[in-house]
>>> print(open('target.tsv').read())   # TSV, C-alpha atoms and all ligand atoms
chain	number	residue	atom	x	y	z
A	1	MET	CA	-21.19	18.42	18.50
A	2	LYS	CA	-17.69	17.42	19.63
A	3	ASN	CA	-16.96	13.69	19.32
A	4	VAL	CA	-16.75	11.94	22.72
A	5	LEU	CA	-14.06	9.60	21.41
A	6	ASN	CA	-11.55	10.64	18.77
A	7	LYS	CA	-12.89	9.60	15.38
A	8	VAL	CA	-10.58	8.69	12.48
A	9	ALA	CA	-11.63	8.31	8.82
A	10	ALA	CA	-9.27	5.60	7.53
A	11	ILE	CA	-8.93	5.57	3.72
A	12	HIS	CA	-7.19	2.22	3.16
A	13	ASP	CA	-7.85	-1.18	1.57
A	14	LEU	CA	-9.43	-4.21	3.20
A	15	SER	CA	-7.31	-7.31	2.60
A	16	GLY	CA	-8.67	-10.72	3.62
A	17	ILE	CA	-5.33	-12.51	4.08
A	18	GLY	CA	-2.09	-10.93	5.33
A	19	ARG	CA	-2.65	-8.58	8.22
A	20	CYS	CA	-2.28	-5.05	6.86
A	21	SER	CA	-4.20	-1.82	6.32
A	22	LEU	CA	-7.76	-1.88	7.75
A	23	THR	CA	-7.44	-5.28	9.46
A	24	VAL	CA	-4.53	-3.79	11.43
A	25	ILE	CA	-5.70	-0.19	11.77
A	26	ILE	CA	-9.17	-0.95	13.17
A	27	PRO	CA	-8.08	-3.22	16.07
A	28	ILE	CA	-5.09	-1.04	17.01
A	29	LEU	CA	-6.93	2.27	17.13
A	30	SER	CA	-9.94	0.63	18.83
A	31	ALA	CA	-7.64	-0.81	21.53
A	32	MET	CA	-6.33	2.72	22.07
A	33	GLY	CA	-9.86	4.04	22.62
A	34	ILE	CA	-10.24	5.66	19.20
A	35	GLN	CA	-13.16	5.10	16.80
A	36	VAL	CA	-12.27	4.11	13.22
A	37	CYS	CA	-14.61	4.90	10.32
A	38	PRO	CA	-13.25	2.80	7.43
A	39	VAL	CA	-13.35	4.17	3.89
A	40	PRO	CA	-12.16	1.16	1.84
A	41	THR	CA	-10.13	1.99	-1.28
A	42	ALA	CA	-10.27	-1.63	-2.50
A	43	VAL	CA	-11.16	-5.09	-1.26
A	44	LEU	CA	-8.48	-7.73	-1.87
A	45	SER	CA	-8.59	-11.47	-1.25
A	46	ALA	CA	-5.01	-11.08	0.03
A	47	HIS	CA	-2.57	-8.15	-0.03
A	48	THR	CA	-0.36	-7.63	-3.09
A	49	GLY	CA	2.55	-9.55	-1.57
A	50	PHE	CA	0.61	-12.70	-2.52
A	51	ALA	CA	0.58	-13.57	-6.25
A	52	ASP	CA	-2.78	-13.27	-8.10
A	53	SER	CA	-4.86	-11.68	-5.36
A	54	GLU	CA	-8.44	-10.85	-6.40
A	55	ILE	CA	-8.94	-7.06	-6.31
A	56	LYS	CA	-12.20	-5.13	-6.26
A	57	ASP	CA	-11.34	-1.48	-6.87
A	58	LEU	CA	-13.59	0.94	-4.94
A	59	THR	CA	-12.50	4.22	-6.56
A	60	ASP	CA	-16.11	5.30	-7.27
A	61	TYR	CA	-17.19	4.51	-3.72
A	62	ILE	CA	-14.92	7.06	-1.99
A	63	PRO	CA	-16.63	10.28	-3.25
A	64	ARG	CA	-20.03	8.73	-2.59
A	65	ALA	CA	-19.05	7.94	1.02
A	66	LEU	CA	-17.65	11.47	1.39
A	67	GLY	CA	-20.91	12.97	0.05
A	68	HIS	CA	-22.90	10.92	2.55
A	69	TYR	CA	-20.69	11.98	5.50
A	70	LYS	CA	-21.14	15.62	4.49
A	71	ARG	CA	-24.93	15.20	4.34
A	72	LEU	CA	-24.82	13.57	7.78
A	73	GLY	CA	-22.74	16.46	9.13
A	74	GLU	CA	-20.04	14.03	10.30
A	75	ASP	CA	-16.84	15.44	11.71
A	76	PHE	CA	-13.54	13.58	12.02
A	77	ASP	CA	-10.65	14.35	14.35
A	78	CYS	CA	-8.25	12.75	11.89
A	79	VAL	CA	-8.25	11.69	8.24
A	80	TYR	CA	-5.65	9.00	7.56
A	81	SER	CA	-4.88	7.73	4.04
A	82	GLY	CA	-2.81	4.70	3.02
A	83	PHE	CA	-2.88	2.08	0.25
A	84	LEU	CA	-4.55	3.50	-2.88
A	85	ALA	CA	-5.81	1.48	-5.83
A	86	SER	CA	-5.87	4.09	-8.66
A	87	ASN	CA	-4.60	7.55	-9.64
A	88	GLU	CA	-8.08	9.03	-9.24
A	89	GLN	CA	-8.02	8.03	-5.58
A	90	ILE	CA	-5.40	10.76	-5.05
A	91	ASP	CA	-8.03	13.35	-6.07
A	92	HIS	CA	-10.65	11.67	-3.87
A	93	CYS	CA	-8.27	11.75	-0.89
A	94	LEU	CA	-7.47	15.43	-1.55
A	95	ASP	CA	-11.25	16.14	-1.48
A	96	PHE	CA	-11.63	14.15	1.72
A	97	PHE	CA	-8.81	16.03	3.47
A	98	ALA	CA	-10.16	19.40	2.25
A	99	SER	CA	-13.67	18.57	3.52
A	100	PHE	CA	-12.53	18.26	7.16
A	101	PRO	CA	-10.11	21.17	7.56
A	102	HIS	CA	-9.85	20.81	11.37
A	103	ALA	CA	-8.92	17.13	11.21
A	104	LEU	CA	-5.33	15.98	11.68
A	105	LYS	CA	-4.17	15.00	8.18
A	106	VAL	CA	-2.08	11.83	8.15
A	107	VAL	CA	-0.69	10.44	4.90
A	108	ASP	CA	1.08	7.12	4.91
A	109	PRO	CA	2.60	7.30	1.40
A	110	VAL	CA	2.23	3.55	0.82
A	111	MET	CA	4.18	2.86	-2.40
A	112	GLY	CA	6.79	0.18	-1.81
A	113	ASP	CA	9.30	-1.53	0.43
A	114	ASN	CA	12.74	-3.15	0.28
A	115	GLY	CA	13.78	-0.82	-2.56
A	116	LYS	CA	10.85	-1.70	-4.90
A	117	PRO	CA	7.36	-0.33	-5.60
A	118	TYR	CA	4.38	-2.59	-4.72
A	119	ARG	CA	3.07	-4.47	-7.75
A	120	THR	CA	-0.13	-2.40	-8.22
A	121	TYR	CA	1.67	0.96	-7.89
A	122	THR	CA	2.08	2.68	-11.27
A	123	LYS	CA	4.70	5.40	-11.96
A	124	GLU	CA	1.91	8.01	-12.10
A	125	LEU	CA	0.40	6.92	-8.80
A	126	CYS	CA	3.84	7.16	-7.16
A	127	SER	CA	4.58	10.56	-8.66
A	128	ARG	CA	1.16	11.94	-7.59
A	129	MET	CA	1.70	10.80	-3.99
A	130	GLY	CA	3.65	14.05	-3.55
A	131	GLU	CA	0.34	15.95	-3.81
A	132	LEU	CA	-0.95	14.18	-0.70
A	133	VAL	CA	2.35	14.64	1.12
A	134	ALA	CA	2.15	18.40	0.42
A	135	ILE	CA	-1.13	18.83	2.34
A	136	ALA	CA	-0.37	16.37	5.19
A	137	ASP	CA	0.36	17.25	8.82
A	138	ILE	CA	2.11	13.93	9.43
A	139	ILE	CA	3.72	11.45	7.01
A	140	THR	CA	5.13	8.01	7.85
A	141	PRO	CA	7.17	6.63	4.90
A	142	ASN	CA	9.59	3.72	5.16
A	143	THR	CA	13.08	4.30	3.70
A	144	THR	CA	12.04	3.10	0.21
A	145	GLU	CA	9.08	5.50	0.13
A	146	ALA	CA	11.13	8.37	1.58
A	147	ALA	CA	13.72	7.93	-1.19
A	148	MET	CA	11.00	7.66	-3.88
A	149	LEU	CA	9.41	10.92	-2.66
A	150	LEU	CA	12.80	12.68	-2.71
A	151	GLY	CA	13.97	11.28	-6.05
A	152	GLU	CA	16.80	9.43	-4.31
A	153	ASN	CA	17.97	5.84	-4.73
A	154	PRO	CA	15.32	3.60	-3.08
A	155	LEU	CA	17.89	0.79	-2.73
A	156	GLN	CA	19.99	2.70	-0.16
A	157	THR	CA	19.78	0.67	3.04
A	158	VAL	CA	22.27	2.27	5.45
A	159	PHE	CA	22.15	5.93	6.52
A	160	THR	CA	24.43	8.12	8.61
A	161	ALA	CA	22.62	10.20	11.23
A	162	GLN	CA	23.26	13.27	9.00
A	163	GLN	CA	21.70	11.56	5.97
A	164	ALA	CA	18.67	10.50	8.03
A	165	LYS	CA	18.24	14.09	9.28
A	166	SER	CA	18.57	15.44	5.76
A	167	PHE	CA	15.86	13.04	4.48
A	168	LEU	CA	13.54	14.08	7.34
A	169	ALA	CA	14.12	17.80	6.82
A	170	ARG	CA	13.75	17.62	3.03
A	171	LEU	CA	10.48	15.71	3.36
A	172	ALA	CA	9.21	18.29	5.88
A	173	GLU	CA	10.05	21.05	3.35
A	174	LYS	CA	7.44	19.47	1.07
A	175	GLY	CA	4.72	20.44	3.60
A	176	PRO	CA	4.23	18.14	6.61
A	177	LYS	CA	4.96	19.41	10.12
A	178	THR	CA	5.92	15.94	11.30
A	179	VAL	CA	7.88	13.32	9.39
A	180	VAL	CA	8.61	9.84	10.73
A	181	ILE	CA	10.71	7.41	8.67
A	182	THR	CA	10.40	3.78	9.72
A	183	SER	CA	12.90	0.91	9.71
A	184	VAL	CA	16.14	2.87	9.26
A	185	GLU	CA	19.50	1.12	9.56
A	186	LEU	CA	22.01	3.66	10.87
A	187	ALA	CA	25.73	3.52	10.04
A	188	ASP	CA	26.51	2.52	13.65
A	189	GLY	CA	24.57	-0.71	13.03
A	190	THR	CA	21.49	0.23	15.09
A	191	ARG	CA	17.94	-0.04	13.72
A	192	CYS	CA	15.69	2.88	14.51
A	193	ASN	CA	12.54	4.74	13.67
A	194	VAL	CA	13.47	8.41	13.19
A	195	GLY	CA	11.32	11.52	13.36
A	196	PHE	CA	11.36	15.29	12.90
A	197	ASP	CA	9.11	17.88	14.49
A	198	LYS	CA	9.44	20.90	12.17
A	199	GLU	CA	7.82	23.42	14.54
A	200	ARG	CA	10.23	22.55	17.37
A	201	SER	CA	13.18	21.78	15.04
A	202	SER	CA	13.72	18.55	16.96
A	203	PHE	CA	15.01	15.26	15.56
A	204	TRP	CA	14.37	11.97	17.41
A	205	LYS	CA	15.22	8.33	17.12
A	206	VAL	CA	13.86	5.26	18.86
A	207	PRO	CA	16.13	2.21	18.50
A	208	TYR	CA	14.74	-1.32	18.41
A	209	GLN	CA	16.20	-4.80	18.38
A	210	TYR	CA	16.54	-6.12	14.83
A	211	VAL	CA	14.92	-9.41	13.84
A	212	PRO	CA	15.95	-10.97	10.48
A	213	ALA	CA	12.43	-11.13	9.02
A	214	SER	CA	10.28	-8.56	7.22
A	215	TYR	CA	6.56	-8.79	8.03
A	216	ASN	CA	3.89	-7.21	5.83
A	217	GLY	CA	1.68	-4.57	7.40
A	218	THR	CA	4.18	-3.39	10.03
A	219	GLY	CA	4.16	0.12	8.53
A	220	ASP	CA	0.37	0.26	8.92
A	221	ALA	CA	0.61	-0.98	12.51
A	222	PHE	CA	3.37	1.54	13.35
A	223	ALA	CA	1.47	4.48	11.85
A	224	SER	CA	-1.75	3.46	13.64
A	225	VAL	CA	-0.12	3.36	17.10
A	226	LEU	CA	1.69	6.64	16.35
A	227	ILE	CA	-1.54	8.40	15.36
A	228	GLY	CA	-3.46	6.94	18.29
A	229	ALA	CA	-0.78	8.15	20.70
A	230	ILE	CA	-0.65	11.65	19.16
A	231	LEU	CA	-4.46	11.95	19.23
A	232	LYS	CA	-4.33	10.96	22.93
A	233	GLY	CA	-1.81	13.76	23.64
A	234	ASP	CA	1.60	12.02	23.54
A	235	SER	CA	4.57	14.12	22.36
A	236	LEU	CA	6.19	12.99	19.09
A	237	PRO	CA	9.11	11.10	20.75
A	238	ILE	CA	6.80	9.32	23.19
A	239	ALA	CA	4.35	8.44	20.39
A	240	MET	CA	7.30	7.08	18.35
A	241	ASN	CA	8.45	5.17	21.44
A	242	ARG	CA	4.96	3.67	21.90
A	243	ALA	CA	4.71	2.63	18.22
A	244	THR	CA	8.25	1.19	18.22
A	245	GLY	CA	7.64	-0.67	21.49
A	246	PHE	CA	4.42	-2.22	20.16
A	247	LEU	CA	6.07	-3.29	16.90
A	248	GLU	CA	9.06	-4.76	18.72
A	249	LEU	CA	6.69	-6.83	20.87
A	250	ALA	CA	4.54	-7.92	17.91
A	251	VAL	CA	7.50	-8.73	15.62
A	252	LYS	CA	9.43	-10.67	18.26
A	253	THR	CA	6.30	-12.60	19.28
A	254	THR	CA	5.60	-13.49	15.65
A	255	TYR	CA	9.23	-14.38	14.91
A	256	SER	CA	9.20	-16.92	17.72
A	257	TYR	CA	6.51	-18.89	15.81
A	258	SER	CA	8.41	-18.86	12.45
A	259	SER	CA	5.20	-17.95	10.62
A	260	ASP	CA	4.93	-16.79	6.98
A	261	PRO	CA	6.06	-13.10	6.98
A	262	ARG	CA	3.38	-12.29	4.39
A	263	CYS	CA	0.74	-13.06	7.05
A	264	GLY	CA	1.92	-10.07	9.07
A	265	VAL	CA	2.43	-9.80	12.81
A	266	MET	CA	0.31	-11.64	15.38
A	267	LEU	CA	-1.14	-8.47	16.78
A	268	GLU	CA	-4.05	-10.34	18.37
A	269	THR	CA	-1.62	-11.56	21.08
A	270	CYS	CA	-0.24	-8.05	21.75
A	271	LEU	CA	-3.20	-5.66	21.74
A	272	SER	CA	-3.46	-5.81	25.54
A	273	TRP	CA	-0.11	-3.95	25.75
A	274	LEU	CA	-1.73	-1.00	24.01
A	275	ILE	CA	-4.69	-1.07	26.38
A	276	GLN	CA	-2.33	-0.98	29.41
A	277	ASN	CA	-0.77	2.19	27.91
A	278	PRO	CA	2.66	2.01	29.64
A	279	THR	CA	4.73	5.15	30.36
A	280	LEU	CA	7.76	5.24	28.03
A	281	CYS	CA	11.10	7.04	27.82
A	282	ALA	CA	13.42	5.01	25.54
A	283	TYR	CA	13.60	7.73	22.86
A	284	GLN	CA	16.83	9.64	22.12
A	285	PRO	CA	17.80	12.77	20.20
A	286	LEU	CA	18.93	11.91	16.64
B	1	LIG	O1	1.08	-2.63	4.17
B	1	LIG	C1	1.02	-1.97	2.97
B	1	LIG	C2	-0.02	-2.58	2.07
B	1	LIG	C3	-1.34	-2.24	2.24
B	1	LIG	N1	-2.30	-2.75	1.47
B	1	LIG	C4	-2.01	-3.64	0.50
B	1	LIG	C5	-0.70	-4.04	0.27
B	1	LIG	C6	0.32	-3.49	1.07
B	1	LIG	C7	1.70	-3.91	0.86
B	1	LIG	O2	2.00	-4.91	0.25
B	1	LIG	O3	-0.44	-4.94	-0.71
B	1	LIG	C8	-3.11	-4.22	-0.34
>>> encode(input="target.tsv", output="structure tokens", more="lines below")
Ligand code: PXL
Amino acid sequence: MKNVLNKVAAIHDLSGIGRCSLTVIIPILSAMGIQVCPVPTAVLSAHTGFADSEIKDLTDYIPRALGHYKRLGEDFDCVYSGFLASNEQIDHCLDFFASFPHALKVVDPVMGDNGKPYRTYTKELCSRMGELVAIADIITPNTTEAAMLLGENPLQTVFTAQQAKSFLARLAEKGPKTVVITSVELADGTRCNVGFDKERSSFWKVPYQYVPASYNGTGDAFASVLIGAILKGDSLPIAMNRATGFLELAVKTTYSYSSDPRCGVMLETCLSWLIQNPTLCAYQPL
């Protein structure tokens, strides 16, 4: 039977402190009228940006959950993977994606930020991320992750429009139909999220106002709004516009309180914007 609401299987960690992954994905997609079925990859006392977080790896749990969903005859409209805790979780994600062939396949290749891999990400886990990218419909790397996937220098911070387009197109050649790279500083000094729709050969950018702080979990929040918007029928540029607009609101709200950036953005104060679902047209061709 067709799902009444869109249903997303979210294969991500659950971190107690520092808004990221499931604690961001569940409220955002729920506010957009989409059901989230969490498949936790690990439980952490706090995300890896905090020293010494306690980690309970759930690698063995993922295939058991998948087996149960198959026995139940569950169907998902989207399977969305993110932070992974072990190499074997790549295989488990590949099985999950293959088990729901009609679902939109979204891979957020969570690996690093600000030019460096996250502390739990091994070389092998990073190199195997390409296998997930190859089967994805949509990927949402930041500039560090985009460079890691392409074998480029992850420390590059400024991109010409041509370089940004080349990164997008080269990532799309690896498989995905849609590539969105977040938090790009263009050579003209603007900050943008940039995207490529391979089937329409169209490149887009959505500029945002820069704030001199880097909050954890913003990539998860961006990807969640983007997916929610696409599942609801938005075009790629309007979905990027919605995700950028929400992040701009959440980041600027949080910045005004001078809170610890590791705690993420105060999305609790901004979710109502998503529920209002404003019409948007601030996107531009890249
Ligand atoms: O937001 C990415 C992310 C997700 N999950 C965990 C993390 C990070 C980034 O630091 O540590 C556990």
>>> residues_near_ligand(input="target.tsv", ligand="ligand LIG 1 (chain B)", cutoff="8 Å", atoms="only C-alpha atoms and all ligand atoms", output="list in words")
His12, Asp13, Leu14, Ser15, Cys20, Ser21, Ala42, Leu44, Ala46, His47, Thr48, Gly49, Gly82, Phe83, Leu84, Val110, Met111, Gly112, Asp113, Tyr118, Arg119, Thr120, Asn216, Gly217, Thr218, Gly219 and Asp220 of chain A
>>> residues_around(input="target.tsv", residues="range 283-285 of chain A", least_positions_apart="4", cutoff="12 Å", atoms="only C-alpha atoms", output="PDB file with C-alpha atoms, keeping the file's coordinate frame")
ATOM      1  CA  ALA A 161      22.620  10.200  11.230  1.00  0.00           C
ATOM      2  CA  LYS A 165      18.240  14.090   9.280  1.00  0.00           C
ATOM      3  CA  CYS A 192      15.690   2.880  14.510  1.00  0.00           C
ATOM      4  CA  ASN A 193      12.540   4.740  13.670  1.00  0.00           C
ATOM      5  CA  VAL A 194      13.470   8.410  13.190  1.00  0.00           C
ATOM      6  CA  GLY A 195      11.320  11.520  13.360  1.00  0.00           C
ATOM      7  CA  PHE A 196      11.360  15.290  12.900  1.00  0.00           C
ATOM      8  CA  ASP A 197       9.110  17.880  14.490  1.00  0.00           C
ATOM      9  CA  SER A 201      13.180  21.780  15.040  1.00  0.00           C
ATOM     10  CA  SER A 202      13.720  18.550  16.960  1.00  0.00           C
ATOM     11  CA  PHE A 203      15.010  15.260  15.560  1.00  0.00           C
ATOM     12  CA  TRP A 204      14.370  11.970  17.410  1.00  0.00           C
ATOM     13  CA  LYS A 205      15.220   8.330  17.120  1.00  0.00           C
ATOM     14  CA  VAL A 206      13.860   5.260  18.860  1.00  0.00           C
ATOM     15  CA  PRO A 207      16.130   2.210  18.500  1.00  0.00           C
ATOM     16  CA  TYR A 208      14.740  -1.320  18.410  1.00  0.00           C
ATOM     17  CA  SER A 235       4.570  14.120  22.360  1.00  0.00           C
ATOM     18  CA  LEU A 236       6.190  12.990  19.090  1.00  0.00           C
ATOM     19  CA  PRO A 237       9.110  11.100  20.750  1.00  0.00           C
ATOM     20  CA  ILE A 238       6.800   9.320  23.190  1.00  0.00           C
ATOM     21  CA  ALA A 239       4.350   8.440  20.390  1.00  0.00           C
ATOM     22  CA  MET A 240       7.300   7.080  18.350  1.00  0.00           C
ATOM     23  CA  ASN A 241       8.450   5.170  21.440  1.00  0.00           C
ATOM     24  CA  ARG A 242       4.960   3.670  21.900  1.00  0.00           C
ATOM     25  CA  ALA A 243       4.710   2.630  18.220  1.00  0.00           C
ATOM     26  CA  THR A 244       8.250   1.190  18.220  1.00  0.00           C
ATOM     27  CA  GLY A 245       7.640  -0.670  21.490  1.00  0.00           C
ATOM     28  CA  THR A 279       4.730   5.150  30.360  1.00  0.00           C
TER      29      THR A 279
END
>>> residues_near_point(input="target.tsv", point="(-6.6, 3.2, 20.6)", cutoff="10 Å", atoms="all atoms listed in the file", output="count of residues only")
26
>>> closest_residue(input="target.tsv", among="A:Ser166, A:Thr23, A:Thr140, A:Asn3", to="Glu152 in chain A", atoms="all atoms listed in the file")
A:Ser166
>>> closest_residue(input="target.tsv", among="A:Gly175, A:Phe246, A:Leu186, A:Asn142", to="Gln276 in chain A", atoms="only C-alpha atoms")
A:Phe246
